[in-house]
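Visitor: What follows is start.cif; its format and atoms are mmCIF, C-alpha atoms.
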data_data
#
loop_
_atom_site.label_atom_id
_atom_site.label_comp_id
_atom_site.auth_asym_id
_atom_site.auth_seq_id
_atom_site.Cartn_x
_atom_site.Cartn_y
_atom_site.Cartn_z
CA PHE F 8 94.58 60.73 169.48
CA GLN F 9 94.35 62.49 172.87
CA ASP F 10 97.54 60.78 174.06
CA LEU F 11 99.75 61.96 171.20
CA PHE F 12 97.97 65.31 170.97
CA GLY F 13 98.88 66.07 174.59
CA VAL F 14 102.44 64.78 174.38
CA SER F 15 103.21 66.52 171.07
CA MET F 16 102.11 69.83 172.58
CA VAL F 17 104.84 69.58 175.22
CA VAL F 18 107.76 67.71 173.65
CA PRO F 19 108.80 70.39 171.08
CA LEU F 20 108.99 72.97 173.91
CA MET F 21 111.12 70.93 176.32
CA ASN F 22 114.55 71.91 175.04
CA LEU F 23 113.66 75.59 175.16
CA HIS F 24 112.32 75.22 178.70
CA ILE F 25 115.29 73.32 180.14
CA LYS F 26 117.69 75.83 178.60
CA SER F 27 115.66 78.66 180.14
CA LEU F 28 116.26 76.97 183.51
CA GLY F 29 120.01 77.36 182.99
CA ALA F 30 120.93 73.88 181.76
CA SER F 31 123.77 73.50 179.29
CA HIS F 32 123.41 71.67 175.99
CA THR F 33 125.26 68.71 177.52
CA VAL F 34 122.94 68.46 180.54
CA ALA F 35 119.88 68.74 178.29
CA GLY F 36 121.29 65.96 176.10
CA ILE F 37 122.00 63.71 179.10
CA ILE F 38 118.44 64.10 180.44
CA GLY F 39 117.05 63.34 176.99
CA SER F 40 119.26 60.26 176.71
CA LEU F 41 118.24 58.99 180.15
CA TYR F 42 114.60 59.23 179.12
CA GLY F 43 115.38 57.14 176.03
CA VAL F 44 117.23 54.53 178.08
CA MET F 45 114.32 54.24 180.53
CA GLN F 46 111.92 53.76 177.62
CA LEU F 47 114.23 51.11 176.14
CA PHE F 48 114.25 48.90 179.23
CA SER F 49 110.76 49.58 180.54
CA SER F 50 108.76 48.96 177.35
CA THR F 51 109.25 45.17 177.40
CA PHE F 52 108.66 44.96 181.15
CA VAL F 53 105.47 47.06 181.11
CA GLY F 54 104.12 45.26 178.03
CA CYS F 55 104.66 41.88 179.69
CA TRP F 56 103.10 43.18 182.90
CA SER F 57 99.96 44.09 180.93
CA ASP F 58 99.70 40.43 179.83
CA ILE F 59 99.76 39.34 183.48
CA VAL F 60 97.50 41.84 185.28
CA GLY F 61 95.28 42.72 182.33
CA ARG F 62 95.02 45.68 179.98
CA GLN F 63 92.67 47.78 182.10
CA TYR F 64 94.81 47.90 185.22
CA SER F 65 98.14 48.28 183.39
CA LEU F 66 96.78 50.94 181.02
CA LEU F 67 95.17 52.85 183.87
CA ALA F 68 98.40 52.73 185.91
CA CYS F 69 100.47 53.95 182.96
CA ILE F 70 98.05 56.79 182.21
CA LEU F 71 97.90 58.03 185.82
CA LEU F 72 101.66 57.83 186.36
CA SER F 73 102.28 59.60 183.05
CA ALA F 74 99.83 62.30 184.17
CA LEU F 75 101.87 62.62 187.37
CA GLY F 76 105.03 63.08 185.31
CA TYR F 77 103.54 65.87 183.20
CA PHE F 78 102.05 67.50 186.30
CA LEU F 79 105.54 67.55 187.86
CA LEU F 80 106.86 68.95 184.59
CA GLY F 81 104.38 71.80 184.95
CA THR F 82 105.91 72.66 188.33
CA SER F 83 109.55 72.27 187.25
CA THR F 84 111.32 75.51 188.13
CA THR F 85 114.79 73.91 188.37
CA VAL F 86 116.77 71.48 186.26
CA LEU F 87 116.55 68.86 189.05
CA LEU F 88 112.74 69.01 189.13
CA PHE F 89 112.69 68.78 185.33
CA ALA F 90 114.82 65.62 185.45
CA ILE F 91 112.66 64.08 188.20
CA SER F 92 109.50 64.75 186.19
CA ARG F 93 110.86 62.69 183.30
CA VAL F 94 111.28 59.54 185.43
CA PRO F 95 107.62 58.40 185.70
CA VAL F 96 107.05 59.30 182.05
CA GLY F 97 110.18 57.46 180.94
CA ILE F 98 109.14 54.31 182.78
CA PHE F 99 105.37 54.25 182.24
CA LYS F 100 104.68 56.18 179.03
CA HIS F 101 103.69 53.06 177.10
CA THR F 102 100.01 53.77 176.68
CA LEU F 103 100.14 53.39 172.89
CA SER F 104 101.74 49.94 173.07
CA ILE F 105 99.20 48.70 175.61
CA SER F 106 96.36 50.20 173.55
CA LYS F 107 97.60 48.28 170.51
CA ALA F 108 97.74 45.10 172.60
CA LEU F 109 94.18 45.79 173.72
CA LEU F 110 93.04 46.23 170.12
CA SER F 111 94.64 42.91 169.21
CA ASP F 112 92.60 41.33 172.03
CA LEU F 113 89.34 42.85 170.85
CA VAL F 114 89.44 42.24 167.09
CA SER F 115 89.89 39.16 164.94
CA GLU F 116 93.23 38.41 163.32
CA ARG F 117 91.69 39.12 159.92
CA ASP F 118 90.58 42.64 160.90
CA ARG F 119 93.67 43.56 162.93
CA PRO F 120 95.69 45.34 160.19
CA LEU F 121 92.68 47.52 159.31
CA VAL F 122 92.05 48.48 162.94
CA MET F 123 95.75 49.08 163.63
CA GLY F 124 95.96 51.29 160.54
CA ARG F 125 93.06 53.43 161.74
CA PHE F 126 94.57 53.59 165.21
CA ASN F 127 97.89 54.82 163.76
CA ALA F 128 96.04 57.34 161.60
CA ALA F 129 94.20 58.77 164.61
CA SER F 130 97.49 58.95 166.53
CA SER F 131 99.17 60.75 163.64
CA VAL F 132 96.42 63.38 163.55
CA GLY F 133 97.13 64.11 167.20
CA PHE F 134 100.84 64.41 166.42
CA ILE F 135 100.14 66.86 163.58
CA LEU F 136 97.79 69.12 165.59
CA GLY F 137 99.62 68.99 168.92
CA PRO F 138 102.72 71.04 168.00
CA VAL F 139 100.53 73.78 166.48
CA VAL F 140 98.49 74.17 169.68
CA GLY F 141 101.61 73.89 171.84
CA GLY F 142 103.38 76.54 169.79
CA TYR F 143 100.44 78.92 170.24
CA LEU F 144 100.30 78.35 174.01
CA ALA F 145 104.07 78.83 174.30
CA GLU F 146 103.63 82.42 173.14
CA LEU F 147 101.58 83.18 176.27
CA GLU F 148 103.14 84.10 179.61
CA GLY F 149 103.96 80.88 181.47
CA GLY F 150 102.92 79.00 178.36
CA PHE F 151 105.10 75.95 178.97
CA TYR F 152 103.62 75.37 182.42
CA GLN F 153 100.07 75.78 181.10
CA THR F 154 100.80 73.34 178.28
CA SER F 155 102.18 70.76 180.73
CA PHE F 156 99.12 71.02 182.97
CA ILE F 157 96.81 70.67 179.95
CA CYS F 158 98.74 67.55 178.90
CA ALA F 159 98.39 66.10 182.42
CA SER F 160 94.66 66.88 182.34
CA ILE F 161 94.30 65.04 179.02
CA PHE F 162 95.93 61.96 180.54
CA LEU F 163 93.55 62.15 183.51
CA LEU F 164 90.61 62.37 181.09
CA ASN F 165 91.91 59.28 179.29
CA GLY F 166 92.20 57.52 182.66
CA GLY F 167 88.53 58.21 183.32
CA LEU F 168 87.58 56.81 179.92
CA VAL F 169 89.63 53.66 180.54
CA TRP F 170 88.00 53.17 183.94
CA MET F 171 84.48 53.41 182.45
CA LEU F 172 85.01 50.97 179.54
CA PRO F 173 82.97 47.71 179.76
CA TRP F 174 86.02 45.44 179.66
CA ASN F 175 84.54 42.00 180.33
CA GLU F 176 81.72 42.38 177.83
CA GLU F 177 84.09 43.59 175.12
CA ASN F 178 86.51 40.73 175.58
CA THR F 179 83.72 38.14 175.53
CA ALA F 180 82.17 39.69 172.43
CA ASN F 181 85.55 39.64 170.74
CA ARG F 182 86.10 35.96 171.46
CA GLU F 183 82.69 35.21 169.98
CA HIS F 184 83.51 37.31 166.93
CA GLN F 185 86.79 35.49 166.40
CA ASP F 186 84.97 32.19 166.79
CA LYS F 187 82.43 33.07 164.08
CA GLY F 188 85.11 34.54 161.81
CA THR F 189 87.12 31.34 161.62
CA ASN F 190 84.11 29.09 160.85
CA SER F 191 86.05 26.17 162.31
CA PHE F 192 84.56 25.69 165.76
CA SER F 193 81.51 23.65 166.70
CA ALA F 194 78.87 24.61 169.26
CA LYS F 195 80.82 22.66 171.88
CA ALA F 196 83.96 24.64 171.04
CA ASN F 197 81.97 27.84 171.43
CA HIS F 198 80.87 26.71 174.90
CA ASP F 199 84.47 25.87 175.80
CA LEU F 200 85.51 29.29 174.55
CA HIS F 201 83.13 30.97 177.01
CA LEU F 202 84.58 28.90 179.85
CA LYS F 203 88.12 29.76 178.82
CA SER F 204 87.35 33.49 178.63
CA ALA F 205 85.81 33.42 182.09
CA ALA F 206 88.80 31.50 183.44
CA ASN F 207 91.23 33.97 181.87
CA ARG F 208 89.41 36.90 183.47
CA THR F 209 89.53 35.16 186.86
CA VAL F 210 93.27 34.53 186.52
CA THR F 211 93.84 38.16 185.50
CA ASN F 212 91.88 39.46 188.48
CA ASN F 213 93.87 37.19 190.81
CA ASN F 214 97.16 38.37 189.27
CA VAL F 215 96.31 41.99 190.04
CA PHE F 216 96.38 41.22 193.76
CA GLN F 217 99.54 39.11 193.68
CA SER F 218 102.58 40.45 195.52
CA PRO F 219 104.86 42.66 193.41
CA TRP F 220 107.67 40.10 193.67
CA ILE F 221 105.51 37.34 192.20
CA GLN F 222 104.44 39.67 189.37
CA VAL F 223 108.09 40.60 188.66
CA ALA F 224 109.10 36.93 188.62
CA THR F 225 106.26 36.13 186.19
CA VAL F 226 107.24 39.03 183.96
CA LEU F 227 110.88 37.89 183.84
CA LYS F 228 109.76 34.35 183.00
CA LYS F 229 107.64 35.56 180.07
CA ILE F 230 110.45 37.78 178.80
CA LYS F 231 112.80 34.77 178.92
CA GLU F 232 110.29 32.77 176.85
CA ILE F 233 110.25 35.53 174.21
CA ALA F 234 114.06 35.64 174.19
CA CYS F 235 114.24 31.86 173.69
CA SER F 236 111.52 31.75 171.03
CA ASN F 237 112.06 31.63 167.29
CA LEU F 238 111.12 35.27 166.69
CA TRP F 239 114.58 36.79 166.29
CA ASP F 240 114.23 37.29 162.52
CA ILE F 241 111.01 39.32 162.86
CA PHE F 242 112.57 41.63 165.42
CA LEU F 243 115.71 41.88 163.28
CA VAL F 244 113.61 42.93 160.29
CA ARG F 245 111.88 45.53 162.46
CA PHE F 246 115.25 46.81 163.70
CA LEU F 247 116.78 47.07 160.22
CA MET F 248 113.76 48.82 158.69
CA SER F 249 113.50 51.20 161.67
CA VAL F 250 117.16 52.19 161.36
CA ALA F 251 116.79 52.57 157.58
CA ILE F 252 113.85 54.98 157.95
CA LEU F 253 115.58 56.88 160.76
CA LEU F 254 118.69 57.25 158.58
CA TYR F 255 116.51 58.68 155.80
CA TYR F 256 115.18 61.38 158.12
CA SER F 257 118.39 61.89 160.14
CA ASN F 258 119.97 64.56 157.92
CA PHE F 259 116.96 65.33 155.72
CA THR F 260 116.93 69.11 156.26
CA LEU F 261 120.71 69.51 156.09
CA ALA F 262 121.05 67.29 153.00
CA LEU F 263 118.35 69.19 151.09
CA GLU F 264 120.08 72.47 151.88
CA GLU F 265 123.49 71.18 150.77
CA ARG F 266 122.28 69.32 147.67
CA PHE F 267 119.55 71.63 146.34
CA GLY F 268 119.87 74.88 148.30
CA VAL F 269 116.45 74.34 149.90
CA LYS F 270 115.69 76.35 153.04
CA PRO F 271 114.75 74.56 156.31
CA LEU F 272 111.23 76.02 156.12
CA PHE F 273 110.54 74.11 152.91
CA SER F 274 111.91 70.93 154.50
CA GLY F 275 109.50 71.44 157.41
CA TYR F 276 106.57 71.82 155.03
CA LEU F 277 107.64 68.65 153.20
CA THR F 278 107.85 66.70 156.46
CA SER F 279 104.37 67.88 157.51
CA TYR F 280 103.06 66.96 154.06
CA SER F 281 104.48 63.45 154.45
CA SER F 282 102.93 63.10 157.92
CA ALA F 283 99.52 64.06 156.54
CA LEU F 284 99.87 61.45 153.80
CA GLY F 285 100.78 58.89 156.47
CA VAL F 286 97.37 59.50 158.06
CA LEU F 287 95.71 58.82 154.71
CA ALA F 288 97.76 55.64 154.29
CA GLY F 289 96.49 54.35 157.63
CA CYS F 290 92.92 54.77 156.43
CA LEU F 291 93.67 52.88 153.20
CA LEU F 292 94.97 49.74 154.91
CA GLY F 293 91.55 48.09 154.69
CA PRO F 294 91.40 48.09 150.86
CA ILE F 295 95.09 47.13 150.70
CA THR F 296 94.65 44.08 152.94
CA ARG F 297 91.61 42.97 150.94
CA LEU F 298 93.60 43.36 147.72
CA TYR F 299 96.30 41.09 149.17
CA GLN F 300 93.67 38.69 150.58
CA HIS F 301 94.86 39.47 154.14
CA ASN F 302 98.37 38.13 153.48
CA THR F 303 100.36 40.32 155.89
CA TYR F 304 103.70 38.81 154.88
CA ARG F 305 103.27 39.78 151.21
CA ILE F 306 102.17 43.31 152.13
CA LEU F 307 105.20 43.73 154.40
CA LEU F 308 107.59 42.33 151.79
CA HIS F 309 106.25 44.56 149.02
CA SER F 310 106.04 47.68 151.20
CA SER F 311 109.62 47.14 152.43
CA THR F 312 110.83 46.68 148.84
CA PHE F 313 108.97 49.84 147.85
CA THR F 314 110.50 51.72 150.80
CA CYS F 315 113.99 50.57 149.80
CA THR F 316 113.41 51.71 146.19
CA LEU F 317 112.10 55.12 147.28
CA ILE F 318 115.05 55.76 149.61
CA LEU F 319 117.37 54.85 146.72
CA LEU F 320 115.46 57.31 144.52
CA TYR F 321 115.94 60.02 147.15
CA ALA F 322 119.66 59.24 147.54
CA SER F 323 120.20 59.53 143.77
CA ALA F 324 117.76 62.43 143.18
CA LEU F 325 118.93 64.99 140.63
CA ASN F 326 116.36 67.67 141.53
CA ILE F 327 113.92 68.59 144.28
CA TRP F 328 110.96 67.15 142.38
CA MET F 329 112.38 63.65 142.69
CA VAL F 330 112.69 64.24 146.44
CA ILE F 331 109.03 65.32 146.65
CA LEU F 332 108.01 62.25 144.64
CA SER F 333 109.95 59.88 146.90
CA SER F 334 108.61 61.58 150.06
CA THR F 335 105.03 61.28 148.79
CA PHE F 336 105.09 57.53 148.28
CA LEU F 337 107.45 56.86 151.21
CA ALA F 338 104.77 58.17 153.58
CA PHE F 339 102.48 55.38 152.33
CA SER F 340 105.02 52.55 152.28
CA THR F 341 106.44 53.25 155.77
CA THR F 342 102.97 53.53 157.35
CA VAL F 343 101.85 50.26 155.77
CA GLY F 344 105.10 48.50 156.69
CA ARG F 345 105.01 49.70 160.30
CA THR F 346 101.48 48.34 160.75
CA CYS F 347 102.25 45.03 159.03
CA ILE F 348 105.36 44.25 161.08
CA ILE F 349 103.30 44.65 164.26
CA ASP F 350 100.58 42.41 162.86
CA LEU F 351 103.16 39.77 161.86
CA GLU F 352 104.68 39.81 165.37
CA LEU F 353 101.26 39.21 166.91
CA THR F 354 100.29 36.58 164.34
CA ILE F 355 103.42 34.49 164.82
CA GLY F 356 103.95 35.11 168.53
CA GLY F 357 100.31 34.73 169.55
CA ASN F 358 97.74 37.14 170.96
CA GLU F 359 98.09 35.82 174.51
CA ALA F 360 101.50 37.54 174.79
CA SER F 361 100.62 40.58 172.69
CA GLY F 362 101.72 43.05 175.38
CA THR F 363 105.10 41.38 175.72
CA LEU F 364 105.61 41.19 171.96
CA LEU F 365 104.69 44.83 171.42
CA GLY F 366 106.94 45.82 174.32
CA VAL F 367 109.90 43.93 172.87
CA GLY F 368 109.19 45.47 169.47
CA GLN F 369 109.19 48.93 171.03
CA SER F 370 112.52 48.18 172.72
CA VAL F 371 113.95 47.07 169.37
CA THR F 372 112.84 50.36 167.81
CA SER F 373 114.38 52.26 170.74
CA VAL F 374 117.71 50.56 170.08
CA GLY F 375 117.36 51.73 166.48
CA ARG F 376 116.86 55.31 167.68
CA ILE F 377 120.11 55.04 169.65
CA VAL F 378 122.11 53.44 166.82
CA ALA F 379 120.80 55.52 163.89
CA PRO F 380 122.31 58.92 164.90
CA LEU F 381 125.74 57.31 165.31
CA LEU F 382 125.56 55.60 161.90
CA SER F 383 124.23 58.77 160.33
CA GLY F 384 127.11 60.85 161.70
CA ILE F 385 129.68 58.40 160.33
CA ALA F 386 127.97 58.16 156.93
CA GLN F 387 127.73 61.95 156.59
CA GLU F 388 131.51 62.18 156.82
CA PHE F 389 131.61 60.72 153.32
CA SER F 390 128.63 62.38 151.64
CA PRO F 391 125.25 64.06 152.34
CA CYS F 392 123.81 61.00 150.56
CA GLY F 393 125.67 58.67 152.93
CA PRO F 394 122.84 58.05 155.45
CA PRO F 395 120.15 57.21 152.85
CA SER F 396 122.63 55.06 150.91
CA LEU F 397 123.37 53.09 154.09
CA ALA F 398 119.60 52.90 154.68
CA VAL F 399 119.17 51.20 151.30
CA GLY F 400 121.71 48.55 152.27
CA LEU F 401 120.01 47.83 155.60
CA ALA F 402 116.57 47.63 153.94
CA LEU F 403 117.96 45.15 151.40
CA VAL F 404 119.24 42.94 154.23
CA ALA F 405 115.77 43.04 155.84
CA ILE F 406 114.17 42.03 152.53
CA LEU F 407 116.59 39.11 152.15
CA ILE F 408 115.78 37.91 155.69
CA MET F 409 112.06 38.00 154.90
CA ASN F 410 112.60 36.02 151.71
CA ALA F 411 114.75 33.46 153.52
CA ASN F 412 112.00 32.89 156.12
CA LYS F 413 109.07 32.89 153.72
CA GLN F 414 107.81 29.45 154.77
CA LYS F 415 107.71 30.42 158.44
CA TYR F 416 105.78 33.61 157.78
CA CYS F 417 103.29 31.89 155.51
CA GLY F 418 102.82 29.00 157.95
CA HIS F 419 102.50 31.37 160.89
CA GLY F 420 100.61 28.96 163.10
CA ASN F 421 103.66 26.82 163.78
CA VAL F 422 105.89 29.02 165.92
CA LYS F 423 103.70 30.13 168.79
CA LEU F 424 105.46 30.67 172.08
CA LYS F 425 105.80 27.44 173.99
CA ASN F 426 103.50 28.51 176.83
CA GLN F 427 100.63 29.29 174.50
#
Let me see the file written as structure tokens.
Guide:
Amino acid sequence: FQDLFGVSMVVPLMNLHIKSLGASHTVAGIIGSLYGVMQLFSSTFVGCWSDIVGRQYSLLACILLSALGYFLLGTSTTVLLFAISRVPVGIFKHTLSISKALLSDLVSERDRPLVMGRFNAASSVGFILGPVVGGYLAELEGGFYQTSFICASIFLLNGGLVWMLPWNEENTANREHQDKGTNSFSAKANHDLHLKSAANRTVTNNNVFQSPWIQVATVLKKIKEIACSNLWDIFLVRFLMSVAILLYYSNFTLALEERFGVKPLFSGYLTSYSSALGVLAGCLLGPITRLYQHNTYRILLHSSTFTCTLILLYASALNIWMVILSSTFLAFSTTVGRTCIIDLELTIGGNEASGTLLGVGQSVTSVGRIVAPLLSGIAQEFSPCGPPSLAVGLALVAILIMNANKQKYCGHGNVKLKNQ
């Protein structure tokens, strides 16, 4: 919550600030694109690094370096300083991914969708409140600089919380909880589990003090294992669904104005309304997973099908009420689907490489953010309904891929990474 609250205070004000420094639209766009490219390549690397050195050290490093970036942003009085301040944030702003990997370490596989849903809900609340507070502070003299310093202070506060967490005890308790939840281990297995946990902590502590070159080599080796594993279809499904949802939102305001004469203010209210419903959907994941008997594949398949249907409803809407209806339920289906695809990645790939898997997934989504605006621009040349219509096609392809690999998803214990 604090992470996204701080970031969402600053991000909406960045374009105004860089233009006030004298940057052209092109320069502002280039800096924004460079940030996206850094995120694209660093997310997999940092996620894999967290598997090697441990969550505490990697999360703490990312938090402190992100705080440095926002502190530099608060002192940026030239375009060059602004660009420099984005470098540490672009490389190390992966605190959410590492936090999700940490949650997957601490909870059982059965409870993971519920916990991830609540985590996403808390993050969404921060994203809803942050722009409001940031907009208020921006009205004050030197408001952007104050907002940046507040954001840096929030990251430092989070760093203190991470430092004080009882990491070893939590990990041990989690392993015991997972052991009891499966009901398939004997007392001897429980004893072995304690030994394995202690050994893993020793290895992690040793890895922290390895030379950077050894750590980089280990990271590259783990990334190669992911690339050679049989997980391409899961990441392809994530890519297709990400692009489909991005296409839906890409020209949302413009399309509503052209199709129904709706003002941008109403579109903004509708987007905020959908975000609020997304928070509620995250809290409802527990009952949903129990209804589906914790079958993540079925939840993902049904939520993706529902998302595809709702985007089709929006693309063919005859009045604004159909748009409101589709937006209402789309907030639920996309939130559920986003959580389930992460859970499926971790279930099939294995918890031991959760940081790497989440990092690769984040990179896949970043590629979608790069591709979606281009596809949206081409589709809009034909019709305001072009982007959502293309989104329907991509979502259908994702659904077909899931159906074709049903046996693999249902027998998810058979395709763990070869080192696990």
Visitor: Atom CA of Gly141 of chain F and atom CA of His101 of chain F are how many Å apart?
Guide: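 Pair atom CA of Gly141 of chain F / atom CA of His101 of chain F returns 21.6 Å.
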Visitor: Determine the residue set returned by the PyMOL selection byres ((chain F and resi 110) around 12) for the present structure, and present it as a PyMOL selection string.
Guide: chain F and resi 62+103-109+111-116+118-127+174+177-178+181+349-350+353+358+361-362+365
Visitor: My list of candidates is F:Gly393, F:Pro19, F:Gly29, F:Pro95. Which is closest to Ala262 of chain F when distances are computed with all atoms listed in the file?
Guide: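 The shortest atom-to-atom distance to Ala262 of chain F comes from F:Gly393.
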Visitor: To test your reading of the syntax: which residues would the PyMOL selection byres ((chain F and resi 326-332) around 9) return for the file shown? Reply as a list in words.
Guide: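 Listing what the PyMOL selection byres ((chain F and resi 326-332) around 9) selects in the shown file: Leu263, Arg266, Phe267, Val269, Leu277, Leu317, Leu320, Tyr321, Ala322, Ser323, Ala324, Leu325, Ser333, Ser334, Thr335, Phe336 and Leu337 of chain F.
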Visitor: With C-alpha atoms retained, could you export that selection as a PDB file, keeping the file's coordinate frame?
Guide:
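Okay, this is what ended up in result23.pdb:
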ATOM      1  CA  LEU F 263     118.350  69.190 151.090  1.00  0.00           C
ATOM      2  CA  ARG F 266     122.280  69.320 147.670  1.00  0.00           C
ATOM      3  CA  PHE F 267     119.550  71.630 146.340  1.00  0.00           C
ATOM      4  CA  VAL F 269     116.450  74.340 149.900  1.00  0.00           C
ATOM      5  CA  LEU F 277     107.640  68.650 153.200  1.00  0.00           C
ATOM      6  CA  LEU F 317     112.100  55.120 147.280  1.00  0.00           C
ATOM      7  CA  LEU F 320     115.460  57.310 144.520  1.00  0.00           C
ATOM      8  CA  TYR F 321     115.940  60.020 147.150  1.00  0.00           C
ATOM      9  CA  ALA F 322     119.660  59.240 147.540  1.00  0.00           C
ATOM     10  CA  SER F 323     120.200  59.530 143.770  1.00  0.00           C
ATOM     11  CA  ALA F 324     117.760  62.430 143.180  1.00  0.00           C
ATOM     12  CA  LEU F 325     118.930  64.990 140.630  1.00  0.00           C
ATOM     13  CA  SER F 333     109.950  59.880 146.900  1.00  0.00           C
ATOM     14  CA  SER F 334     108.610  61.580 150.060  1.00  0.00           C
ATOM     15  CA  THR F 335     105.030  61.280 148.790  1.00  0.00           C
ATOM     16  CA  PHE F 336     105.090  57.530 148.280  1.00  0.00           C
ATOM     17  CA  LEU F 337     107.450  56.860 151.210  1.00  0.00           C
TER      18      LEU F 337
END
Visitor: Could you check which of F:Tyr42, F:Tyr143, F:Phe151, F:Phe162 is closest to Ser73 of chain F, using only C-alpha atoms?
Guide: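 Result for the nearest residue to Ser73 of chain F: F:Phe162.
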Visitor: Can you work out the spacing between atom CA of Thr342 of chain F and atom CA of Ala288 of chain F in Å, to one decimal?
Guide: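 A separation of 6.4 Å between them.
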Visitor: Applying the PyMOL selection byres ((chain F and resi 341) around 12) to the file I just gave you, which residues come out? Please list them as an MDAnalysis selection string.
Guide: chainID F and resid 124 127 245 248:249 251:253 255 281:282 284:286 288:289 306:318 333:340 342:348 402
Visitor: Hey, what's within 7 Å of Glu352 of chain F if we count only C-alpha atoms and toss same-chain stuff fewer than 4 positions away? As a short mmCIF file (atom, residue, chain, number, x, y, z; two decimals) with C-alpha atoms, keeping the file's coordinate frame, please?
Guide:
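Output (out.cif):
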data_model
loop_
_atom_site.label_atom_id
_atom_site.label_comp_id
_atom_site.auth_asym_id
_atom_site.auth_seq_id
_atom_site.Cartn_x
_atom_site.Cartn_y
_atom_site.Cartn_z
CA ILE F 241 111.01 39.32 162.86
CA ILE F 348 105.36 44.25 161.08
CA GLY F 356 103.95 35.11 168.53
CA LEU F 364 105.61 41.19 171.96
#
Visitor: Between F:Ser130, F:Ser83, F:Thr102, F:Asn412, which is the closest to Gln153 of chain F once you count only C-alpha atoms?
Guide: F:Ser83
Visitor: From the set F:Leu407, F:Val132, F:Val86, F:Val34, which residue has the shortest atom-to-atom contact distance to Leu287 of chain F, counting only C-alpha atoms?
Guide: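 Smallest separation from Leu287 of chain F among the options: F:Val132.
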Visitor: Considering all atoms listed in the file, state which residue in the set F:Ser279, F:Ser373, F:Ser57, F:Ser40 is at the smallest distance from Gln222 of chain F.
Guide: F:Ser57
Visitor: For atom CA of Cys158 of chain F and atom CA of Met16 of chain F, determine how far apart the two atoms are, in Å to one decimal place.
Guide: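 Computing the Euclidean distance for atom CA of Cys158 of chain F and atom CA of Met16 of chain F yields 7.5 Å.
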Visitor: Using all atoms listed in the file - which residues lie no farther than 6 Å from the point (122.8, 60.3, 156.5) in the file's frame? Write them as a list of chain:residue names.
Guide: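 Here the neighbourhood of the point contains F:Leu254, F:Ser257, F:Asn258, F:Ser383, F:Ala386, F:Gln387, F:Gly393, F:Pro394, F:Pro395.
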Visitor: Of the residues F:Leu66, F:Met45, F:Ile25, F:Cys290, which is the one nearest to Ala129 of chain F, using only C-alpha atoms?
Guide: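 Closest to Ala129 of chain F, using only C-alpha atoms: F:Cys290.
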Visitor: Can you tell me, as a list of chain:residue names, what residues are no more than 9 Å from Leu67 of chain F when counting all atoms listed in the file, ignoring any on the same chain fewer than 3 positions away?
Guide: F:Arg62, F:Gln63, F:Tyr64, F:Ile70, F:Leu71, F:Leu72, F:Thr102, F:Asn165, F:Gly166, F:Gly167, F:Val169, F:Trp170
Visitor: Counting only C-alpha atoms, what is within 9 Å of Ser155 of chain F, bar same-chain residues fewer than 3 positions away, as a VMD selection string?
Guide: chain F and resid 13 to 14 16 to 17 77 to 82 150 to 152 158 to 160
Visitor: Limited to C-alpha atoms, could you put the picked residues into a file as an mmCIF file, in the frame of the given file?
Guide:
data_model
loop_
_atom_site.group_PDB
_atom_site.id
_atom_site.type_symbol
_atom_site.label_atom_id
_atom_site.label_comp_id
_atom_site.auth_asym_id
_atom_site.auth_seq_id
_atom_site.Cartn_x
_atom_site.Cartn_y
_atom_site.Cartn_z
ATOM 1 C CA GLY F 13 98.880 66.070 174.590
ATOM 2 C CA VAL F 14 102.440 64.780 174.380
ATOM 3 C CA MET F 16 102.110 69.830 172.580
ATOM 4 C CA VAL F 17 104.840 69.580 175.220
ATOM 5 C CA TYR F 77 103.540 65.870 183.200
ATOM 6 C CA PHE F 78 102.050 67.500 186.300
ATOM 7 C CA LEU F 79 105.540 67.550 187.860
ATOM 8 C CA LEU F 80 106.860 68.950 184.590
ATOM 9 C CA GLY F 81 104.380 71.800 184.950
ATOM 10 C CA THR F 82 105.910 72.660 188.330
ATOM 11 C CA GLY F 150 102.920 79.000 178.360
ATOM 12 C CA PHE F 151 105.100 75.950 178.970
ATOM 13 C CA TYR F 152 103.620 75.370 182.420
ATOM 14 C CA CYS F 158 98.740 67.550 178.900
ATOM 15 C CA ALA F 159 98.390 66.100 182.420
ATOM 16 C CA SER F 160 94.660 66.880 182.340
#
Visitor: Extending 4 Å beyond the listed atoms of segment 89-102 of chain F on each side, what axis-aligned box results? I want centre and edge lengths in Å to one decimal, as AutoDock Vina command-line options.
Guide:
--center_x 107.4 --center_y 60.9 --center_z 182.4 --size_x 22.8 --size_y 23.7 --size_z 19.5
